[in-house]
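Everything on this sheet refers to the single structure shown next.
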Amino acid sequence: MFLEGEPYVPTDITDAISKGVSMVVQEQGTLNNITVASNIFAGKESEFTRHGLLDIHKMNKAAAELLSSIGVEGINPAQLVNGMSFEERKLLEVARAEYTNPKVLLIDETTTALGKEGRDVMYRLINTMRDSGRSVIFISHDIEELMAICDSITVLRDGHLIGTLSRDEMNIHTMRQMMVGREIAENFYRTDYDGTTDGEVALKGEHITFGSLHDVGIELRKGEILGIGGLTDCGMHDLGKILFGIITPDYGSVTLADGTKIKNTKQAVAHHMAYISKNRDTEALMSAGSITDNLCLASLPQMQKFGFVAPKKEKEMVAKWRETLSIKMQNEKQFIMYLSGGNKQKVSIAKWLASDADIYIFDCPTRGIDIGVKSEIYKLLTNLKNEGKAILMISEELPELIGMSDRILIFKDGTVKGSFMRSADLTEHDLIDYMI
Amino acid sequence: MIGKTLRDRDNASSIWQQAAPFFGLLLVCVFFQIGTGGKLLSASNFKAFSNYAFQMVIPACGAVFLMSQGQLDFSMAGNVCVCTIIAAKASYLNPWLAIPAAIIVGLTIGFLNGSAHVFLGVPSFVATIATSFMYTGLANSLLGGGAITSDFALKKADTLFVKYGIIALALLVTWAVLSYTPFGKHCRAIGAKDEVAHQSGVNVRLEKLVAFLICGLSCGIMACFVLFRTCSASTNSGGQTQLNAVLALLLGGIPFSGGWSAKFRCVLVGSMLMAVVTSGLTIMNISANMQQIVKGVLFVIAVAISFDRKNTAVIK
């Protein structure tokens, strides 16, 4: 590797930073139990010491200035990071990277975790860096995003360099093709525009109040994909957890078609509900568990006979879904942590298909996975809909909501601000107006 | 490339992890077989060995469900002690009343431990260290100092058939429940990531409580064993139950964090290893104090091998 013509062999992160290369990672990179300012200036405390003591005032002030210089408002440098959202924490990492004044900034899949405001901060920073003659390497799955902000795009697939496109060569079609390696049909999303459903109500939430959610009512019908959109902190992610019984709301109830009230997850699963968390690696899958252990976890009560689960049955179950969803794995004993994001997501979906669920709550089902698997998941959603399953899809990606949903509810500050039926004329702008 | 090397290393280490305990057991057996001049695995030691095996197998079977959830019970010795005393007192009403008495007290104490963890949210390690003081205090005040005897009719149950029978039964039940029932799988899922288990429809709080009850049950059984053998109860009746259990499971290959690596073979190999070491050292005339030192060294080695340093919040 070469940096500005010189051979560049960084021994570790600190070495890389001192040579002018910084990175914002996909995973969480902040430390709990210390303040915002301490996080931003971790490892650089010596710049703020006086007579051997840390001048916290000076550090907080510098942190405040740094945050406002990149356009982040409303974060107090003296607060602990513990209670902060993933998005706010990511912005701290951005500030930390910016502080080192890097010549090259690597941004790895960070924006998938960010809502609109966070993304704007990121884009502004990227533009500023470019305009001041510095470079940014931006790694993302999101084609629209890449096309909007990048000057040139290099496509990698399965560890091989496929090609580099300059600004005037970019278009969605070629890029999808390059990423997947085969023609993706134009009908990436659903092709029909019939959003009417006459299925009965499968799941009903009434007067739900929790956190920022205030008196929310929601009805999900059989054979329907109900899209929920909004900014990250609008309360929609909590709503998904409440409907599945993970969180008990302060007020309000969740009722099934047969009148059962959902109070906990055990009950939800017993009544054929499914929930796939947005946080795949911490809430949906056990990374230190095998594919079998993960895939069968929700179906164990159904698979047992006289209280015992036969290993043969588990093996058959895995083989069936491996085939159906074409999950790439070495064998059924392979650990989840060694699978790619897309295959992990397939396992977590297979877990619920195996449990024969009728009501699906997907929270960001295509987050951080490549476009090939994405299109498979969209096909799967359409199939589930056609089988008469009820699907609630919470998503931060507007094209996905517009492309897949029969109905879209847009949330803002914990209440429903807009409701849209499926239509070919619906655009992102129509929705954004209600989100912000 | 990186992915491949990671996978290779994973496979290699998992094979090593699987085989290591068995080799360890074999090695230890050979060592003590030679060291004791062939007495370890001989017909004459068969009777004495039953006692060592019982002391290791029963607590290990009881604690494995907790440990697979990433939890510990450090009050097992206290539990056994209280069970023994109450059962000894009950034996004067009817000798065989001692058995249900010990079991009920064991389960009650297990429930108390579980409640402190599940309902009050105290980490199990801290909660059970705290409750162990309660049980020691309770045992002392029940005894009023010294020791008491139980009805000597209980001595009749101290037979090889009973001891090896209970050992075999405990191992069989643990094997079936841990490996093949939803509950056993849920325990390991809770250890691997409790939020995933919760979101997959597992009643995490209930199953944690059940694991504490199982642990309490094993303490009740241990108390019966103590009474059958000695027909007496003292403040030392609990011995080092929890250390034996935890050490056996660690040596068997279960990490403190629990999870899917908690397998039945860990229980079997670990507890047999401990039994062989204790029996071997005793035959070689090593004093009880020296045996403690050996166990302490083993403990440090086992923890050093199994402790997952990347995962600091190991004991829930």
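In the structure tokens, each chain is lettered A, B, ... as it comes, each chain's residues begin at 1, and ligands are numbered from 1 in order of appearance.
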
Using only C-alpha atoms, find each residue in chain A having at least one atom no more than 9 Å away from chain B; report its shortest atom-to-atom pair and that distance in Å (one decimal), rows by chain then rising number, as JSON lines.
{"residue": "A:Gly159", "atom": "CA", "partner": "B:Met1", "partner_atom": "CA", "distance": 8.8}
{"residue": "A:Lys241", "atom": "CA", "partner": "B:Gln199", "partner_atom": "CA", "distance": 9.0}
{"residue": "A:Phe244", "atom": "CA", "partner": "B:Gln199", "partner_atom": "CA", "distance": 8.4}
{"residue": "A:Gly245", "atom": "CA", "partner": "B:Gln199", "partner_atom": "CA", "distance": 8.8}
{"residue": "A:Ile246", "atom": "CA", "partner": "B:Gln199", "partner_atom": "CA", "distance": 6.6}
{"residue": "A:Asn264", "atom": "CA", "partner": "B:Gly201", "partner_atom": "CA", "distance": 7.9}
{"residue": "A:Thr265", "atom": "CA", "partner": "B:Gly201", "partner_atom": "CA", "distance": 4.6}
{"residue": "A:Lys266", "atom": "CA", "partner": "B:Gly201", "partner_atom": "CA", "distance": 3.9}
{"residue": "A:Gln267", "atom": "CA", "partner": "B:Gly201", "partner_atom": "CA", "distance": 7.2}
{"residue": "A:Ala268", "atom": "CA", "partner": "B:Gly201", "partner_atom": "CA", "distance": 7.0}
{"residue": "A:Val269", "atom": "CA", "partner": "B:Gly201", "partner_atom": "CA", "distance": 5.4}
{"residue": "A:Ala270", "atom": "CA", "partner": "B:Gly201", "partner_atom": "CA", "distance": 7.8}
{"residue": "A:Ala274", "atom": "CA", "partner": "B:Ser200", "partner_atom": "CA", "distance": 8.2}
{"residue": "A:Tyr275", "atom": "CA", "partner": "B:Gln199", "partner_atom": "CA", "distance": 7.3}
{"residue": "A:Ile276", "atom": "CA", "partner": "B:Gln199", "partner_atom": "CA", "distance": 8.4}
{"residue": "A:Ser277", "atom": "CA", "partner": "B:Gln199", "partner_atom": "CA", "distance": 8.4}
{"residue": "A:Thr282", "atom": "CA", "partner": "B:Val196", "partner_atom": "CA", "distance": 7.2}
{"residue": "A:Glu283", "atom": "CA", "partner": "B:Val196", "partner_atom": "CA", "distance": 4.7}
{"residue": "A:Ala284", "atom": "CA", "partner": "B:Val196", "partner_atom": "CA", "distance": 5.3}
{"residue": "A:Leu285", "atom": "CA", "partner": "B:Val196", "partner_atom": "CA", "distance": 6.1}
{"residue": "A:Met286", "atom": "CA", "partner": "B:Lys193", "partner_atom": "CA", "distance": 5.9}
{"residue": "A:Ser287", "atom": "CA", "partner": "B:Ala192", "partner_atom": "CA", "distance": 8.0}
{"residue": "A:Ala288", "atom": "CA", "partner": "B:Ala192", "partner_atom": "CA", "distance": 6.5}
{"residue": "A:Gly289", "atom": "CA", "partner": "B:Trp260", "partner_atom": "CA", "distance": 5.9}
{"residue": "A:Ser290", "atom": "CA", "partner": "B:Trp260", "partner_atom": "CA", "distance": 8.1}
{"residue": "A:Asp293", "atom": "CA", "partner": "B:Ala189", "partner_atom": "CA", "distance": 8.1}
{"residue": "A:Asn294", "atom": "CA", "partner": "B:Ala189", "partner_atom": "CA", "distance": 8.5}
{"residue": "A:Leu297", "atom": "CA", "partner": "B:Ser200", "partner_atom": "CA", "distance": 6.7}
{"residue": "A:Ala298", "atom": "CA", "partner": "B:Ser200", "partner_atom": "CA", "distance": 5.1}
{"residue": "A:Ser299", "atom": "CA", "partner": "B:Ser200", "partner_atom": "CA", "distance": 8.8}
{"residue": "A:Leu300", "atom": "CA", "partner": "B:Pro182", "partner_atom": "CA", "distance": 5.6}
{"residue": "A:Pro301", "atom": "CA", "partner": "B:Pro182", "partner_atom": "CA", "distance": 6.5}
{"residue": "A:Met303", "atom": "CA", "partner": "B:Pro182", "partner_atom": "CA", "distance": 9.0}
{"residue": "A:Gln304", "atom": "CA", "partner": "B:Thr181", "partner_atom": "CA", "distance": 7.4}
{"residue": "A:Gly307", "atom": "CA", "partner": "B:Thr181", "partner_atom": "CA", "distance": 6.0}
{"residue": "A:Phe308", "atom": "CA", "partner": "B:Thr181", "partner_atom": "CA", "distance": 4.6}
{"residue": "A:Val309", "atom": "CA", "partner": "B:Tyr180", "partner_atom": "CA", "distance": 5.2}
{"residue": "A:Ala310", "atom": "CA", "partner": "B:Tyr180", "partner_atom": "CA", "distance": 6.8}
{"residue": "A:Pro311", "atom": "CA", "partner": "B:Tyr180", "partner_atom": "CA", "distance": 7.6}
{"residue": "A:Gln334", "atom": "CA", "partner": "B:Asn11", "partner_atom": "CA", "distance": 8.8}
{"residue": "A:Phe335", "atom": "CA", "partner": "B:Asp10", "partner_atom": "CA", "distance": 8.8}
{"residue": "A:Tyr338", "atom": "CA", "partner": "B:Arg7", "partner_atom": "CA", "distance": 7.0}
{"residue": "A:Lys351", "atom": "CA", "partner": "B:Ser200", "partner_atom": "CA", "distance": 9.0}
{"residue": "A:Trp352", "atom": "CA", "partner": "B:Ser200", "partner_atom": "CA", "distance": 8.9}

DSSP-assigned alpha helix (DSSP H) members of range 74-149 of chain B, reported as number ranges by chain: B: 76-90, 98-118, 124-143

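Neighbours of Lys61 in chain A closer than or equal to 12 Å, with only C-alpha atoms counted and sequence neighbours fewer than 3 positions away skipped, come out as A:Val36, A:Ala37, A:Ser38, A:Ile40, A:Phe41, A:Phe48, A:Asp55, A:Ile56, A:His57, A:Lys58, A:Ala64, A:Glu65, A:Leu66, A:Leu67, A:Ser68, A:Asn76, A:Pro77, A:Ala78.
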
Selected residues written out, N, CA and C atoms, as a JSON list (two decimals), in the first residue's frame:
[["chain", "number", "residue", "atom", "x", "y", "z"],
["A", 36, "VAL", "N", -19.03, 12.12, 26.83],
["A", 36, "VAL", "CA", -18.93, 12.37, 25.40],
["A", 36, "VAL", "C", -17.54, 12.91, 25.06],
["A", 37, "ALA", "N", -17.11, 13.92, 25.83],
["A", 37, "ALA", "CA", -15.82, 14.54, 25.54],
["A", 37, "ALA", "C", -14.69, 13.54, 25.70],
["A", 38, "SER", "N", -14.76, 12.72, 26.75],
["A", 38, "SER", "CA", -13.69, 11.73, 26.97],
["A", 38, "SER", "C", -13.64, 10.72, 25.84],
["A", 40, "ILE", "N", -14.53, 11.35, 22.67],
["A", 40, "ILE", "CA", -13.99, 11.99, 21.47],
["A", 40, "ILE", "C", -12.47, 12.11, 21.56],
["A", 41, "PHE", "N", -12.00, 12.45, 22.75],
["A", 41, "PHE", "CA", -10.56, 12.71, 22.89],
["A", 41, "PHE", "C", -9.83, 11.54, 23.54],
["A", 48, "PHE", "N", -4.90, 18.10, 26.88],
["A", 48, "PHE", "CA", -5.75, 18.92, 27.75],
["A", 48, "PHE", "C", -5.28, 18.93, 29.20],
["A", 55, "ASP", "N", -7.69, 18.99, 32.41],
["A", 55, "ASP", "CA", -8.57, 20.15, 32.47],
["A", 55, "ASP", "C", -9.87, 19.80, 31.76],
["A", 56, "ILE", "N", -10.83, 19.30, 32.55],
["A", 56, "ILE", "CA", -12.07, 18.79, 31.97],
["A", 56, "ILE", "C", -12.85, 19.89, 31.26],
["A", 57, "HIS", "N", -12.80, 21.09, 31.85],
["A", 57, "HIS", "CA", -13.50, 22.23, 31.24],
["A", 57, "HIS", "C", -13.03, 22.47, 29.82],
["A", 58, "LYS", "N", -11.71, 22.49, 29.71],
["A", 58, "LYS", "CA", -11.10, 22.77, 28.41],
["A", 58, "LYS", "C", -11.48, 21.68, 27.40],
["A", 64, "ALA", "N", -17.40, 20.53, 22.47],
["A", 64, "ALA", "CA", -18.59, 21.26, 22.02],
["A", 64, "ALA", "C", -18.30, 21.97, 20.71],
["A", 65, "GLU", "N", -17.11, 22.59, 20.64],
["A", 65, "GLU", "CA", -16.76, 23.30, 19.40],
["A", 65, "GLU", "C", -16.64, 22.33, 18.23],
["A", 66, "LEU", "N", -16.00, 21.20, 18.50],
["A", 66, "LEU", "CA", -15.80, 20.21, 17.45],
["A", 66, "LEU", "C", -17.14, 19.70, 16.94],
["A", 67, "LEU", "N", -18.05, 19.38, 17.87],
["A", 67, "LEU", "CA", -19.36, 18.85, 17.48],
["A", 67, "LEU", "C", -20.13, 19.87, 16.65],
["A", 68, "SER", "N", -20.11, 21.13, 17.09],
["A", 68, "SER", "CA", -20.90, 22.10, 16.33],
["A", 68, "SER", "C", -20.22, 22.40, 14.99],
["A", 76, "ASN", "N", -24.56, 17.19, 24.88],
["A", 76, "ASN", "CA", -23.79, 17.83, 25.92],
["A", 76, "ASN", "C", -22.48, 17.06, 26.13],
["A", 77, "PRO", "N", -21.32, 17.71, 25.96],
["A", 77, "PRO", "CA", -20.04, 17.00, 26.03],
["A", 77, "PRO", "C", -19.81, 16.36, 27.39],
["A", 78, "ALA", "N", -20.48, 16.86, 28.45],
["A", 78, "ALA", "CA", -20.21, 16.34, 29.79],
["A", 78, "ALA", "C", -21.08, 15.14, 30.14]]

Please identify all polymer residues within 8 Å of range 219-221 of chain B, counting only C-alpha atoms, omitting same-chain residues fewer than 2 positions from it, and present them as a list in words.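 My list of contacting residues is Ile58, Pro59, Gly62, Met76, Ala77, Asn79, Val80, Cys83, Thr84, Ile99, Ala102, Ile103, Ile104, Val105, Gly106, Leu107, Cys215, Gly216, Leu217, Ala223, Cys224 and Phe225 of chain B.
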
Do you have the CA of Thr255 in chain A-CA of Arg221 in chain A distance handy?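 It comes out at 12.4 Å.
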
Within 9 Å of Gln71 in chain B, counting only C-alpha atoms, which residues qualify if same-chain residues fewer than 2 places away don't, as an mmCIF file with C-alpha atoms, in the first residue's frame?
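So result.cif came out as:
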data_model
loop_
_atom_site.group_PDB
_atom_site.id
_atom_site.type_symbol
_atom_site.label_atom_id
_atom_site.label_comp_id
_atom_site.auth_asym_id
_atom_site.auth_seq_id
_atom_site.Cartn_x
_atom_site.Cartn_y
_atom_site.Cartn_z
ATOM 1 C CA PHE B 65 -27.949 -25.818 33.893
ATOM 2 C CA LEU B 66 -27.044 -22.651 35.777
ATOM 3 C CA MET B 67 -23.568 -22.558 34.376
ATOM 4 C CA SER B 68 -24.781 -23.040 30.812
ATOM 5 C CA GLN B 69 -26.887 -19.919 31.373
ATOM 6 C CA ASP B 73 -24.345 -20.585 42.558
ATOM 7 C CA PRO B 123 -26.057 -10.820 39.541
ATOM 8 C CA SER B 124 -26.144 -14.501 40.530
ATOM 9 C CA PHE B 125 -22.500 -14.570 41.615
ATOM 10 C CA GLY B 191 -25.957 -18.174 28.115
ATOM 11 C CA LYS B 208 -33.385 -19.056 35.178
ATOM 12 C CA PHE B 256 -17.906 -19.152 32.779
ATOM 13 C CA SER B 257 -20.002 -17.394 30.173
ATOM 14 C CA GLY B 258 -22.005 -20.557 29.452
ATOM 15 C CA VAL B 314 -19.298 -13.115 31.809
ATOM 16 C CA ILE B 315 -21.213 -13.933 34.955
ATOM 17 C CA LYS B 316 -24.759 -12.720 34.804
#

Best match for closeness to Glu200 in chain A among A:Gly230, A:Gly5, A:Gly29, A:Gly388, counting only C-alpha atoms: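 The answer is A:Gly388, which sits nearest to Glu200 in chain A.
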
Quick one: of B:Leu227, B:Ala153, B:Cys266, B:Ala147, who's nearest to Pro95 in chain B, counting only C-alpha atoms?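 Of the candidates, the smallest distance to Pro95 in chain B is held by B:Ala153.
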
Please identify all polymer residues within 10 Å of Asn113 in chain B, counting only C-alpha atoms, omitting same-chain residues fewer than 5 positions from it, and present them as a CSV table (one decimal) with C-alpha atoms, in the first residue's frame.
chain,number,residue,atom,x,y,z
B,73,ASP,CA,-24.3,-20.6,42.6
B,74,PHE,CA,-21.8,-20.0,45.3
B,75,SER,CA,-24.1,-21.0,48.1
B,107,LEU,CA,-35.5,-26.6,46.5
B,108,THR,CA,-36.6,-23.8,48.8
B,118,VAL,CA,-34.5,-13.0,38.9
B,122,VAL,CA,-28.8,-9.0,41.6
B,124,SER,CA,-26.1,-14.5,40.5
B,127,ALA,CA,-26.5,-12.8,45.1
B,128,THR,CA,-25.4,-16.3,46.0
B,129,ILE,CA,-22.3,-15.2,47.9
B,130,ALA,CA,-24.6,-13.0,49.9
B,131,THR,CA,-27.1,-15.7,50.6
B,132,SER,CA,-24.4,-18.2,51.5
B,209,LEU,CA,-35.5,-19.8,38.2
B,212,PHE,CA,-31.7,-22.5,40.4
B,213,LEU,CA,-34.3,-25.0,41.6
B,215,CYS,CA,-29.2,-26.7,41.6
B,216,GLY,CA,-31.1,-26.6,44.9
